[in-house]
$ cat final.cif   # mmCIF, C-alpha atoms
data_run
loop_
_atom_site.label_atom_id
_atom_site.label_comp_id
_atom_site.auth_asym_id
_atom_site.auth_seq_id
_atom_site.Cartn_x
_atom_site.Cartn_y
_atom_site.Cartn_z
CA MET F 1 -50.19 -7.86 118.47
CA GLY F 2 -49.80 -5.64 115.45
CA ILE F 3 -46.92 -3.46 114.42
CA LEU F 4 -48.65 -0.39 115.80
CA ASP F 5 -49.04 -2.01 119.22
CA LEU F 6 -45.35 -2.91 119.17
CA LEU F 7 -44.46 0.70 118.37
CA PHE F 8 -46.61 1.91 121.27
CA VAL F 9 -44.74 -0.39 123.65
CA LEU F 10 -41.25 0.40 122.30
CA SER F 11 -41.82 4.14 122.25
CA SER F 12 -43.28 4.30 125.75
CA LYS F 13 -41.65 6.72 128.14
CA PRO F 14 -40.02 4.10 130.46
CA VAL F 15 -38.41 2.28 127.53
CA VAL F 16 -37.07 5.46 125.89
CA VAL F 17 -35.72 6.89 129.15
CA THR F 18 -34.12 3.59 130.14
CA MET F 19 -32.37 3.27 126.79
CA ALA F 20 -31.10 6.85 127.00
CA CYS F 21 -29.74 6.28 130.52
CA VAL F 22 -28.08 2.98 129.60
CA GLY F 23 -26.45 4.58 126.54
CA ALA F 24 -25.25 7.56 128.56
CA ALA F 25 -23.84 5.25 131.23
CA LEU F 26 -21.91 3.23 128.63
CA VAL F 27 -20.43 6.37 127.08
CA SER F 28 -19.55 7.77 130.51
CA LEU F 29 -17.92 4.54 131.68
CA ALA F 30 -15.96 3.95 128.48
CA PRO F 31 -12.90 5.98 129.54
CA LEU F 32 -12.72 3.98 132.76
CA SER F 33 -12.25 0.78 130.77
CA LYS F 34 -8.61 1.74 130.21
CA ARG F 35 -7.90 0.72 133.80
CA PHE F 36 -9.23 -2.78 133.24
CA GLN F 37 -7.75 -3.31 129.80
CA GLY F 38 -4.20 -3.07 131.03
CA LYS F 39 -1.20 -1.46 129.43
CA ARG F 40 -0.69 -2.37 125.82
CA ASP F 41 1.19 -0.80 122.97
CA ASP F 42 -1.38 -0.15 120.25
CA ASN F 43 1.27 0.51 117.61
CA THR F 44 2.58 -3.05 117.54
CA GLU F 45 0.90 -5.39 115.11
CA THR F 46 1.90 -9.02 115.01
CA ALA F 47 1.83 -11.31 111.99
CA ALA F 48 -0.64 -13.56 113.82
CA SER F 49 -3.26 -10.81 113.99
CA PRO F 50 -3.34 -8.84 110.73
CA ARG F 51 -6.57 -7.05 111.69
CA PRO F 52 -6.32 -3.96 113.86
CA ARG F 53 -7.53 -4.47 117.40
CA ILE F 54 -10.65 -2.66 118.52
CA ARG F 55 -10.29 -1.21 121.97
CA ILE F 56 -12.91 -1.83 124.62
CA GLU F 57 -13.25 1.91 125.09
CA ASP F 58 -14.20 2.39 121.43
CA MET F 59 -16.70 -0.47 121.52
CA LEU F 60 -18.41 0.89 124.65
CA THR F 61 -18.55 4.39 123.19
CA ARG F 62 -20.04 3.21 119.89
CA ALA F 63 -22.56 0.98 121.64
CA GLY F 64 -23.57 3.80 123.99
CA TYR F 65 -24.08 6.30 121.21
CA GLY F 66 -25.95 3.69 119.18
CA ILE F 67 -28.35 2.99 122.05
CA MET F 68 -28.88 6.71 122.60
CA GLY F 69 -29.54 7.14 118.88
CA ILE F 70 -32.18 4.42 118.95
CA SER F 71 -33.70 6.15 121.98
CA VAL F 72 -33.94 9.42 120.05
CA VAL F 73 -35.58 7.68 117.07
CA LEU F 74 -38.11 6.02 119.38
CA PHE F 75 -38.81 9.41 120.99
CA ILE F 76 -39.55 10.87 117.55
CA ILE F 77 -41.77 7.91 116.69
CA ALA F 78 -43.64 8.41 119.98
CA GLY F 79 -44.38 11.98 118.93
CA PHE F 80 -45.84 10.84 115.61
CA ILE F 81 -47.95 7.98 116.93
CA SER F 82 -49.30 9.87 119.94
CA ASP F 83 -52.06 11.20 117.68
CA LEU F 84 -53.11 7.65 116.79
CA ALA F 85 -53.82 6.59 120.37
#

$ encode --input "final.cif" --output "structure tokens"
Amino acid sequence: MGILDLLFVLSSKPVVVTMACVGAALVSLAPLSKRFQGKRDDNTETAASPRPRIRIEDMLTRAGYGIMGISVVLFIIAGFISDLA
């Protein structure tokens, strides 16, 4: 399986649409994660944890937008390699 065959598989319509839907679902569900994270004061930093804490909401949002971005790139690649098929 060559690189071109791999690009055909990755840029196929079911893969691109699935990635876009998964990314959109993550971004849409991110605000709901506040309910499960519990109440916490983000302004308090302890000496035991000098690094700032990353909230679950932020991680889900970044992951969702990242997956959607990859989906867009694969969609663009599909447009370029459609002439090669």

$ resolve_selection --input "final.cif" --expression "the PyMOL selection byres ((chain F and resi 24) around 12)" --output "mmCIF file with C-alpha atoms, in the coordinates of the input"
data_model
loop_
_atom_site.group_PDB
_atom_site.id
_atom_site.type_symbol
_atom_site.label_atom_id
_atom_site.label_comp_id
_atom_site.auth_asym_id
_atom_site.auth_seq_id
_atom_site.Cartn_x
_atom_site.Cartn_y
_atom_site.Cartn_z
ATOM 1 C CA VAL F 17 -35.720 6.890 129.150
ATOM 2 C CA THR F 18 -34.120 3.590 130.140
ATOM 3 C CA MET F 19 -32.370 3.270 126.790
ATOM 4 C CA ALA F 20 -31.100 6.850 127.000
ATOM 5 C CA CYS F 21 -29.740 6.280 130.520
ATOM 6 C CA VAL F 22 -28.080 2.980 129.600
ATOM 7 C CA GLY F 23 -26.450 4.580 126.540
ATOM 8 C CA ALA F 25 -23.840 5.250 131.230
ATOM 9 C CA LEU F 26 -21.910 3.230 128.630
ATOM 10 C CA VAL F 27 -20.430 6.370 127.080
ATOM 11 C CA SER F 28 -19.550 7.770 130.510
ATOM 12 C CA LEU F 29 -17.920 4.540 131.680
ATOM 13 C CA ALA F 30 -15.960 3.950 128.480
ATOM 14 C CA LEU F 60 -18.410 0.890 124.650
ATOM 15 C CA THR F 61 -18.550 4.390 123.190
ATOM 16 C CA ARG F 62 -20.040 3.210 119.890
ATOM 17 C CA ALA F 63 -22.560 0.980 121.640
ATOM 18 C CA GLY F 64 -23.570 3.800 123.990
ATOM 19 C CA TYR F 65 -24.080 6.300 121.210
ATOM 20 C CA GLY F 66 -25.950 3.690 119.180
ATOM 21 C CA ILE F 67 -28.350 2.990 122.050
ATOM 22 C CA MET F 68 -28.880 6.710 122.600
ATOM 23 C CA GLY F 69 -29.540 7.140 118.880
ATOM 24 C CA SER F 71 -33.700 6.150 121.980
#

$ closest_residue --input "final.cif" --among "F:Ile77, F:Met59, F:Leu84, F:Ile54" --to "Pro31 of chain F" --atoms "all atoms listed in the file"
F:Met59

$ closest_residue --input "final.cif" --among "F:Leu32, F:Val73, F:Ile3, F:Val15" --to "Glu57 of chain F" --atoms "only C-alpha atoms"
F:Leu32

$ resolve_selection --input "final.cif" --expression "the PyMOL selection byres ((chain F and resi 78) around 8)" --output "list in words"
Leu7, Phe8, Ser11, Ser12, Leu74, Phe75, Ile76, Ile77, Gly79, Phe80, Ile81 and Ser82 of chain F

$ atom_distance --input "final.cif" --atom1 "atom CA of Val9 of chain F" --atom2 "atom CA of Ile70 of chain F"
14.2 Å
